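Undergrad: Below is the structure I would like to discuss, written out as structure tokens.
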Amino acid sequence: MNILELIKKRYTAKKYNADKAIPQEKIEDLKEVLRLTPSSINIQPWKFTFVQNPEIKAKLASVSMHNEEKINQAQLLVVFSVADDLNAFQKVVDNELPQARRDWYNQMKASMPEADLKIWLSKQVYIALGVGLTASISLGLDSTAMEGIESDKYMDILNMTAYKPLFAMAVGYGSEDDFNRIEVTPKSRRLQESVIETI
């Protein structure tokens, strides 16, 4: 199936089949796709936490506002986090990135307030979310993007200090009685001429 057909087919799952397991090879493929996500100057300021442990997933679900039921039903929860401790991230930059990229990042870091730098880093993680949603449907999986999480409580549950969770993505197989399935609720988007300008 080509990319256009996949995107036409993709929808936000509102209810998951809790009994249908995701083959582990698909989860491993999703991990590798996220690792390969592009970012500005290839800075990669992220951590992707794949939560399959039901007990940990339930704890995260309980601090996920209106998303609790979906998370408990889904077989997988991917937490998208951004580098928040800039001193710790500097060590990542110094140890894992080539000199040219280190120089570029250090120039940016020196030229903007810390708050602006953190906003820029967070924007990179949103690129990964788009990649993750698209990758999920390409693997035959359904997904739900969720900003409705209590970030500080996620940090505590996941024992994070250097990274801060921004949002999460539930992944699994949508339930047959999900009201949001494409066959039940057709995709609704603005007309192309309203959102695309050709010059």
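By convention here, the chains of the structure tokens are called A, B, ... in the order presented, each chain's residues are numbered starting at 1, and ligands are numbered starting at 1 in the order presented.
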As a list of chain:residue names, please: the residues near A:Lys15 (cut-off 10 Å, only C-alpha atoms, same-chain neighbours under 6 positions excluded).
TA: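 The contact residues come out as A:Glu69, A:Lys70, A:Ile71, A:Asn72, A:Gln73, A:Ala74, A:Asp142, A:Ser143, A:Thr144, A:Gly172, A:Tyr173, A:Gly174, A:Ser175, A:Glu176, A:Asp177, A:Asp178, A:Phe179, A:Asn180, A:Arg181.
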Undergrad: Any chance you could export the current selection's all heavy atoms as a CSV table (one decimal), in the first residue's frame?
TA:
```
chain,number,residue,atom,x,y,z
A,69,GLU,N,-8.3,4.9,29.9
A,69,GLU,CA,-8.9,3.6,29.4
A,69,GLU,C,-8.1,3.1,28.1
A,69,GLU,O,-7.8,2.0,28.0
A,69,GLU,CB,-10.4,3.8,29.1
A,69,GLU,CG,-11.1,2.5,28.6
A,69,GLU,CD,-12.5,2.7,28.4
A,69,GLU,OE1,-13.0,3.9,28.2
A,69,GLU,OE2,-13.2,1.7,28.4
A,70,LYS,N,-7.8,4.1,27.2
A,70,LYS,CA,-7.1,3.7,26.0
A,70,LYS,C,-5.7,3.1,26.3
A,70,LYS,O,-5.3,2.1,25.7
A,70,LYS,CB,-6.9,4.9,25.1
A,70,LYS,CG,-8.2,5.4,24.5
A,70,LYS,CD,-8.0,6.5,23.4
A,70,LYS,CE,-7.7,7.9,24.1
A,70,LYS,NZ,-8.8,8.6,24.6
A,71,ILE,N,-5.0,3.7,27.2
A,71,ILE,CA,-3.7,3.2,27.6
A,71,ILE,C,-3.8,1.8,28.2
A,71,ILE,O,-3.0,0.9,27.9
A,71,ILE,CB,-3.0,4.2,28.5
A,71,ILE,CG1,-2.7,5.5,27.8
A,71,ILE,CG2,-1.7,3.6,29.1
A,71,ILE,CD1,-2.1,6.6,28.6
A,72,ASN,N,-4.7,1.6,29.1
A,72,ASN,CA,-4.9,0.3,29.7
A,72,ASN,C,-5.3,-0.8,28.6
A,72,ASN,O,-4.9,-2.0,28.8
A,72,ASN,CB,-5.9,0.3,30.8
A,72,ASN,CG,-5.4,0.9,32.1
A,72,ASN,OD1,-4.2,0.7,32.4
A,72,ASN,ND2,-6.1,1.7,32.8
A,73,GLN,N,-6.0,-0.4,27.6
A,73,GLN,CA,-6.4,-1.4,26.6
A,73,GLN,C,-5.3,-1.7,25.6
A,73,GLN,O,-5.1,-2.8,25.1
A,73,GLN,CB,-7.6,-0.8,25.8
A,73,GLN,CG,-8.9,-0.7,26.6
A,73,GLN,CD,-10.0,0.1,25.8
A,73,GLN,OE1,-9.7,0.7,24.9
A,73,GLN,NE2,-11.2,0.0,26.3
A,74,ALA,N,-4.5,-0.6,25.2
A,74,ALA,CA,-3.5,-0.8,24.2
A,74,ALA,C,-2.4,-1.7,24.7
A,74,ALA,O,-2.0,-1.7,25.9
A,74,ALA,CB,-2.9,0.6,23.8
A,142,ASP,N,-2.8,0.4,14.9
A,142,ASP,CA,-3.5,1.6,15.2
A,142,ASP,C,-2.8,2.4,16.3
A,142,ASP,O,-2.1,1.8,17.1
A,142,ASP,CB,-5.0,1.2,15.6
A,142,ASP,CG,-5.7,0.5,14.4
A,142,ASP,OD1,-5.7,1.1,13.3
A,142,ASP,OD2,-6.3,-0.5,14.6
A,143,SER,N,-3.1,3.7,16.4
A,143,SER,CA,-2.4,4.5,17.4
A,143,SER,C,-3.2,5.7,17.8
A,143,SER,O,-4.2,6.0,17.1
A,143,SER,CB,-1.1,5.0,16.8
A,143,SER,OG,-1.3,5.7,15.6
A,144,THR,N,-2.8,6.2,18.9
A,144,THR,CA,-3.5,7.4,19.5
A,144,THR,C,-2.4,8.3,20.0
A,144,THR,O,-1.6,8.0,20.9
A,144,THR,CB,-4.4,7.0,20.6
A,144,THR,OG1,-5.3,6.0,20.2
A,144,THR,CG2,-5.2,8.2,21.1
A,172,GLY,N,-1.6,-0.3,19.2
A,172,GLY,CA,-2.2,-1.7,19.3
A,172,GLY,C,-3.1,-1.9,18.1
A,172,GLY,O,-2.9,-1.4,17.0
A,173,TYR,N,-4.2,-2.7,18.4
A,173,TYR,CA,-5.2,-3.0,17.4
A,173,TYR,C,-6.5,-2.4,17.8
A,173,TYR,O,-7.0,-2.7,18.9
A,173,TYR,CB,-5.3,-4.5,17.1
A,173,TYR,CG,-4.0,-5.0,16.5
A,173,TYR,CD1,-3.1,-5.7,17.3
A,173,TYR,CD2,-3.8,-5.0,15.1
A,173,TYR,CE1,-1.9,-6.2,16.8
A,173,TYR,CE2,-2.6,-5.5,14.6
A,173,TYR,CZ,-1.7,-6.1,15.4
A,173,TYR,OH,-0.5,-6.6,14.9
A,174,GLY,N,-7.0,-1.5,17.0
A,174,GLY,CA,-8.3,-0.9,17.3
A,174,GLY,C,-9.4,-1.9,17.5
A,174,GLY,O,-9.5,-2.9,16.8
A,175,SER,N,-10.3,-1.6,18.4
A,175,SER,CA,-11.5,-2.5,18.7
A,175,SER,C,-12.4,-2.4,17.5
A,175,SER,O,-12.6,-1.4,16.9
A,175,SER,CB,-12.1,-2.1,20.0
A,175,SER,OG,-13.3,-2.9,20.2
A,176,GLU,N,-13.1,-3.5,17.2
A,176,GLU,CA,-14.1,-3.6,16.1
A,176,GLU,C,-15.2,-2.6,16.4
A,176,GLU,O,-15.9,-2.2,15.5
A,176,GLU,CB,-14.6,-5.0,15.9
A,176,GLU,CG,-13.6,-6.0,15.3
A,176,GLU,CD,-13.1,-5.6,13.9
A,176,GLU,OE1,-14.0,-5.1,13.2
A,176,GLU,OE2,-11.9,-5.8,13.6
A,177,ASP,N,-15.5,-2.3,17.7
A,177,ASP,CA,-16.6,-1.5,18.0
A,177,ASP,C,-16.2,0.0,18.4
A,177,ASP,O,-16.9,0.7,19.0
A,177,ASP,CB,-17.5,-2.0,19.1
A,177,ASP,CG,-16.7,-2.2,20.4
A,177,ASP,OD1,-15.5,-2.1,20.5
A,177,ASP,OD2,-17.4,-2.5,21.4
A,178,ASP,N,-15.0,0.3,17.9
A,178,ASP,CA,-14.5,1.7,18.1
A,178,ASP,C,-15.3,2.6,17.2
A,178,ASP,O,-15.3,2.5,16.0
A,178,ASP,CB,-13.0,1.8,17.7
A,178,ASP,CG,-12.4,3.2,18.0
A,178,ASP,OD1,-13.1,4.1,18.2
A,178,ASP,OD2,-11.2,3.3,18.0
A,179,PHE,N,-16.0,3.6,17.8
A,179,PHE,CA,-16.8,4.5,17.0
A,179,PHE,C,-16.0,5.4,16.0
A,179,PHE,O,-16.6,6.0,15.1
A,179,PHE,CB,-17.6,5.4,17.9
A,179,PHE,CG,-16.8,6.4,18.6
A,179,PHE,CD1,-16.6,7.7,18.1
A,179,PHE,CD2,-16.3,6.2,19.9
A,179,PHE,CE1,-15.8,8.7,18.7
A,179,PHE,CE2,-15.5,7.1,20.5
A,179,PHE,CZ,-15.3,8.4,20.0
A,180,ASN,N,-14.7,5.5,16.3
A,180,ASN,CA,-13.9,6.4,15.4
A,180,ASN,C,-13.3,5.7,14.2
A,180,ASN,O,-12.5,6.3,13.5
A,180,ASN,CB,-12.8,7.0,16.3
A,180,ASN,CG,-12.4,8.4,15.8
A,180,ASN,OD1,-13.3,9.2,15.4
A,180,ASN,ND2,-11.2,8.8,15.8
A,181,ARG,N,-13.5,4.4,14.0
A,181,ARG,CA,-13.0,3.7,12.9
A,181,ARG,C,-13.4,4.4,11.6
A,181,ARG,O,-14.5,4.9,11.5
A,181,ARG,CB,-13.5,2.2,12.9
A,181,ARG,CG,-12.9,1.4,14.0
A,181,ARG,CD,-13.4,-0.1,13.9
A,181,ARG,NE,-12.7,-0.8,12.9
A,181,ARG,CZ,-11.5,-1.4,13.1
A,181,ARG,NH1,-11.0,-1.4,14.3
A,181,ARG,NH2,-10.9,-2.0,12.1
```
Undergrad: Output as a ChimeraX atom specification all residues of stretch 20-120 of chain A that backbone DSSP marks as strand (DSSP E or B).
TA: /A:46-51,76-83
Undergrad: Would you export the selected residues with all heavy atoms as a compact mmCIF listing (two decimals), in the first residue's frame, please?
TA:
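Output file result19.txt is given in full below:
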```txt
# COMPACT_ATOMS: atom_id res chain seq x y z
N TRP A 46 15.99 13.46 22.14
CA TRP A 46 14.84 12.70 22.63
C TRP A 46 15.20 11.40 23.31
O TRP A 46 16.30 10.88 23.21
CB TRP A 46 13.90 12.41 21.47
CG TRP A 46 14.60 11.97 20.20
CD1 TRP A 46 15.53 10.98 20.04
CD2 TRP A 46 14.41 12.55 18.91
NE1 TRP A 46 15.92 10.89 18.73
CE2 TRP A 46 15.25 11.85 18.00
CE3 TRP A 46 13.61 13.58 18.40
CZ2 TRP A 46 15.30 12.15 16.65
CZ3 TRP A 46 13.67 13.88 17.06
CH2 TRP A 46 14.51 13.17 16.19
N LYS A 47 14.18 10.89 23.99
CA LYS A 47 14.20 9.52 24.51
C LYS A 47 12.81 8.96 24.25
O LYS A 47 11.80 9.61 24.51
CB LYS A 47 14.52 9.49 25.99
CG LYS A 47 14.60 8.06 26.57
CD LYS A 47 14.96 8.06 28.03
CE LYS A 47 16.40 8.43 28.27
NZ LYS A 47 17.38 7.45 27.80
N PHE A 48 12.76 7.74 23.71
CA PHE A 48 11.50 7.05 23.45
C PHE A 48 11.42 5.87 24.41
O PHE A 48 12.24 4.95 24.34
CB PHE A 48 11.44 6.56 22.00
CG PHE A 48 11.74 7.63 20.98
CD1 PHE A 48 12.88 7.55 20.19
CD2 PHE A 48 10.91 8.72 20.83
CE1 PHE A 48 13.16 8.53 19.25
CE2 PHE A 48 11.19 9.72 19.90
CZ PHE A 48 12.31 9.62 19.10
N THR A 49 10.45 5.88 25.30
CA THR A 49 10.29 4.82 26.28
C THR A 49 9.14 3.91 25.85
O THR A 49 8.00 4.36 25.79
CB THR A 49 10.02 5.40 27.68
OG1 THR A 49 11.06 6.34 28.00
CG2 THR A 49 10.00 4.30 28.73
N PHE A 50 9.46 2.67 25.54
CA PHE A 50 8.47 1.68 25.12
C PHE A 50 7.99 0.92 26.35
O PHE A 50 8.76 0.19 26.97
CB PHE A 50 9.07 0.72 24.10
CG PHE A 50 9.11 1.28 22.70
CD1 PHE A 50 9.84 2.42 22.40
CD2 PHE A 50 8.41 0.67 21.68
CE1 PHE A 50 9.88 2.95 21.11
CE2 PHE A 50 8.43 1.17 20.38
CZ PHE A 50 9.16 2.31 20.10
N VAL A 51 6.74 1.12 26.71
CA VAL A 51 6.19 0.53 27.92
C VAL A 51 5.23 -0.60 27.54
O VAL A 51 4.15 -0.36 27.00
CB VAL A 51 5.45 1.58 28.78
CG1 VAL A 51 4.96 0.94 30.08
CG2 VAL A 51 6.36 2.78 29.06
N LEU A 76 0.76 -1.38 23.87
CA LEU A 76 2.03 -0.65 23.94
C LEU A 76 1.77 0.83 24.18
O LEU A 76 0.84 1.40 23.60
CB LEU A 76 2.80 -0.84 22.63
CG LEU A 76 4.06 0.01 22.41
CD1 LEU A 76 5.15 -0.35 23.41
CD2 LEU A 76 4.57 -0.15 20.98
N LEU A 77 2.60 1.42 25.01
CA LEU A 77 2.59 2.87 25.20
C LEU A 77 4.01 3.36 24.92
O LEU A 77 4.97 2.86 25.52
CB LEU A 77 2.19 3.25 26.62
CG LEU A 77 2.10 4.76 26.89
CD1 LEU A 77 0.91 5.37 26.15
CD2 LEU A 77 2.00 5.04 28.39
N VAL A 78 4.13 4.31 24.00
CA VAL A 78 5.43 4.92 23.72
C VAL A 78 5.41 6.32 24.30
O VAL A 78 4.54 7.13 23.96
CB VAL A 78 5.73 4.98 22.21
CG1 VAL A 78 7.12 5.56 21.97
CG2 VAL A 78 5.61 3.59 21.57
N VAL A 79 6.36 6.60 25.19
CA VAL A 79 6.46 7.93 25.81
C VAL A 79 7.56 8.70 25.10
O VAL A 79 8.69 8.21 24.97
CB VAL A 79 6.77 7.81 27.32
CG1 VAL A 79 6.85 9.20 27.96
CG2 VAL A 79 5.72 6.94 28.03
N PHE A 80 7.22 9.89 24.63
CA PHE A 80 8.16 10.75 23.91
C PHE A 80 8.66 11.83 24.86
O PHE A 80 7.87 12.65 25.34
CB PHE A 80 7.46 11.42 22.72
CG PHE A 80 7.06 10.48 21.61
CD1 PHE A 80 6.01 9.58 21.78
CD2 PHE A 80 7.71 10.51 20.39
CE1 PHE A 80 5.62 8.73 20.76
CE2 PHE A 80 7.34 9.65 19.36
CZ PHE A 80 6.29 8.76 19.54
N SER A 81 9.96 11.83 25.13
CA SER A 81 10.53 12.77 26.09
C SER A 81 11.62 13.60 25.43
O SER A 81 12.27 13.15 24.48
CB SER A 81 11.10 12.02 27.28
OG SER A 81 10.11 11.21 27.89
N VAL A 82 11.81 14.81 25.97
CA VAL A 82 12.81 15.74 25.44
C VAL A 82 13.90 15.95 26.49
O VAL A 82 13.64 15.88 27.70
CB VAL A 82 12.16 17.08 25.06
CG1 VAL A 82 11.63 17.82 26.30
CG2 VAL A 82 13.13 17.97 24.28
N ALA A 83 15.10 16.20 26.03
CA ALA A 83 16.20 16.54 26.94
C ALA A 83 15.82 17.78 27.73
O ALA A 83 15.48 18.81 27.15
CB ALA A 83 17.48 16.79 26.14
```
Undergrad: Of the residues A:Ser151, A:Asn67, A:Gln52, A:Thr134, which is the one nearest to A:Lys164, using only C-alpha atoms?
TA: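 Closest to A:Lys164 of all the choices is A:Ser151.
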Undergrad: Quick one: residues within 9 Å of stretch 99-114 of chain A, only C-alpha atoms, excluding same-chain residues fewer than 3 positions away - as an MDAnalysis selection string?
TA: chainID A and resid 41:43 86 90 93:94 117:119
Undergrad: Restricting the output to N, CA, C and O atoms, write the selected residues as a tab-separated table (two decimals), in the first residue's frame.
TA:
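Output file out-v6.tsv follows:
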```tsv
chain	number	residue	atom	x	y	z
A	41	ILE	N	19.34	20.01	12.49
A	41	ILE	CA	20.79	19.78	12.63
A	41	ILE	C	21.09	18.38	13.17
A	41	ILE	O	22.15	18.14	13.74
A	42	ASN	N	20.14	17.47	13.01
A	42	ASN	CA	20.29	16.08	13.47
A	42	ASN	C	20.65	16.03	14.95
A	42	ASN	O	21.46	15.20	15.38
A	43	ILE	N	20.00	16.88	15.75
A	43	ILE	CA	20.36	17.01	17.15
A	43	ILE	C	19.82	15.87	18.02
A	43	ILE	O	20.40	15.53	19.05
A	86	LEU	N	19.93	20.40	30.51
A	86	LEU	CA	20.81	20.77	29.40
A	86	LEU	C	22.28	20.43	29.68
A	86	LEU	O	23.04	20.21	28.74
A	90	GLN	N	24.34	18.12	27.23
A	90	GLN	CA	25.62	18.56	26.67
A	90	GLN	C	26.62	17.40	26.61
A	90	GLN	O	27.40	17.30	25.65
A	93	VAL	N	25.75	15.43	23.57
A	93	VAL	CA	26.24	16.15	22.39
A	93	VAL	C	27.75	15.95	22.24
A	93	VAL	O	28.25	15.62	21.16
A	94	ASP	N	28.47	16.14	23.32
A	94	ASP	CA	29.94	16.05	23.28
A	94	ASP	C	30.44	14.64	22.98
A	94	ASP	O	31.45	14.47	22.30
A	117	LEU	N	15.76	27.67	23.83
A	117	LEU	CA	16.45	26.45	23.40
A	117	LEU	C	15.61	25.22	23.72
A	117	LEU	O	15.47	24.30	22.90
A	118	LYS	N	14.99	25.21	24.90
A	118	LYS	CA	14.16	24.07	25.28
A	118	LYS	C	12.92	23.96	24.39
A	118	LYS	O	12.49	22.85	24.06
A	119	ILE	N	12.35	25.09	24.00
A	119	ILE	CA	11.21	25.06	23.06
A	119	ILE	C	11.65	24.46	21.73
A	119	ILE	O	10.96	23.63	21.15
```
Undergrad: For atom CA of A:Glu147 and atom CA of A:Phe167, determine how far apart the two atoms are, in Å to one decimal place.
TA: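 Value for the atom CA of A:Glu147-atom CA of A:Phe167 distance: 4.5 Å.
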Undergrad: Write out as a VMD selection string the residues lying within 7 Å of stretch 21-25 of chain A, counting only C-alpha atoms and excluding same-chain residues fewer than 3 positions away.
TA: chain A and resid 28 to 29 75 172
Undergrad: Generate the output file for the selected residues, all heavy atoms, as a PDB file, in the first residue's frame.
TA:
```
ATOM      1  N   GLU A  28       9.863  -3.915  17.443  1.00  0.00           N
ATOM      2  CA  GLU A  28      11.278  -3.645  17.167  1.00  0.00           C
ATOM      3  C   GLU A  28      11.426  -2.750  15.932  1.00  0.00           C
ATOM      4  O   GLU A  28      12.292  -1.867  15.894  1.00  0.00           O
ATOM      5  CB  GLU A  28      12.047  -4.952  16.992  1.00  0.00           C
ATOM      6  CG  GLU A  28      12.094  -5.824  18.248  1.00  0.00           C
ATOM      7  CD  GLU A  28      12.612  -5.105  19.474  1.00  0.00           C
ATOM      8  OE1 GLU A  28      13.631  -4.382  19.351  1.00  0.00           O
ATOM      9  OE2 GLU A  28      12.004  -5.248  20.554  1.00  0.00           O
ATOM     10  N   ASP A  29      10.582  -2.972  14.921  1.00  0.00           N
ATOM     11  CA  ASP A  29      10.607  -2.107  13.735  1.00  0.00           C
ATOM     12  C   ASP A  29      10.249  -0.671  14.105  1.00  0.00           C
ATOM     13  O   ASP A  29      10.880   0.285  13.632  1.00  0.00           O
ATOM     14  CB  ASP A  29       9.638  -2.622  12.668  1.00  0.00           C
ATOM     15  CG  ASP A  29      10.167  -3.835  11.924  1.00  0.00           C
ATOM     16  OD1 ASP A  29      11.362  -4.185  12.087  1.00  0.00           O
ATOM     17  OD2 ASP A  29       9.376  -4.453  11.172  1.00  0.00           O
ATOM     18  N   GLN A  75      -1.770  -2.406  23.779  1.00  0.00           N
ATOM     19  CA  GLN A  75      -0.693  -3.316  24.134  1.00  0.00           C
ATOM     20  C   GLN A  75       0.634  -2.591  24.399  1.00  0.00           C
ATOM     21  O   GLN A  75       1.502  -3.123  25.073  1.00  0.00           O
ATOM     22  CB  GLN A  75      -0.485  -4.334  23.008  1.00  0.00           C
ATOM     23  CG  GLN A  75      -1.636  -5.303  22.841  1.00  0.00           C
ATOM     24  CD  GLN A  75      -1.680  -6.331  23.958  1.00  0.00           C
ATOM     25  OE1 GLN A  75      -0.657  -6.850  24.372  1.00  0.00           O
ATOM     26  NE2 GLN A  75      -2.865  -6.618  24.455  1.00  0.00           N
ATOM     27  N   GLY A 172      -1.635  -0.322  19.218  1.00  0.00           N
ATOM     28  CA  GLY A 172      -2.221  -1.655  19.314  1.00  0.00           C
ATOM     29  C   GLY A 172      -3.132  -1.903  18.134  1.00  0.00           C
ATOM     30  O   GLY A 172      -2.892  -1.389  17.033  1.00  0.00           O
TER      31      GLY A 172
END
```
Undergrad: Write out as a VMD selection string each polymer residue whose atoms come within 8 Å of A:Ile137, counting only C-alpha atoms; drop sequence neighbours fewer than 6 positions from it.
TA: chain A and resid 6 to 7 9 to 10 143
Undergrad: Could you turn the residues from that selection into a file that holds C-alpha atoms, as a PDB file, in the first residue's frame?
TA:
```pdb
ATOM      1  CA  LEU A   6      -2.018   4.457   4.336  1.00  0.00           C
ATOM      2  CA  ILE A   7      -2.726   8.016   5.472  1.00  0.00           C
ATOM      3  CA  LYS A   9      -6.708   4.600   6.200  1.00  0.00           C
ATOM      4  CA  ARG A  10      -5.166   5.935   9.434  1.00  0.00           C
ATOM      5  CA  SER A 143      -2.383   4.473  17.373  1.00  0.00           C
TER       6      SER A 143
END
```
Undergrad: From the list A:Ser136, A:Lys31, A:Gln124, A:Gln44, which residue is nearest A:Val171 when using only C-alpha atoms?
TA: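 Of the candidates, the smallest distance to A:Val171 is held by A:Ser136.
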Undergrad: So, counting only C-alpha atoms, which residue among A:Ser40, A:Met146, A:Ala162, A:Ala88 is closest to A:Trp120?
TA: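 Looking only at the distances to A:Trp120, the closest residue turns out to be A:Ser40.
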Undergrad: Just checking: using only C-alpha atoms, which residue out of A:Ala128, A:Tyr154, A:Thr185, A:Thr198 ends up closest to A:Lys57?
TA: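 Using only C-alpha atoms, the shortest distance to A:Lys57 belongs to A:Tyr154.
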Undergrad: With distances taken over only C-alpha atoms, which of A:Leu133, A:Met65, A:Arg189, A:Pro45 is nearest to A:Val92?
TA: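 Selected residue with least distance to A:Val92: A:Pro45.
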Undergrad: Work out how far atom CA of A:Leu36 is from atom CA of A:Leu158, in Å to one decimal.
TA: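 Taking atom CA of A:Leu158 and atom CA of A:Leu36, their separation equals 23.2 Å.
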Undergrad: Pull the helix (DSSP H, G or I) assignments for stretch 118-188 of chain A out of DSSP run on the backbone, and list those residues as a PyMOL selection string.
TA: chain A and resi 118-138+151-157
Undergrad: What is the atom CA of A:Thr37-atom CA of A:Tyr163 distance in Å, reported with one decimal?
TA: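 We find that atom CA of A:Thr37 and atom CA of A:Tyr163 lie 17.8 Å from each other.
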Undergrad: Could you tell me which of A:Leu166, A:Ile196, A:Leu97, A:Leu4 comes closest to A:Lys123 if we count only C-alpha atoms?
TA: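 Of the candidates, the smallest distance to A:Lys123 is held by A:Leu166.
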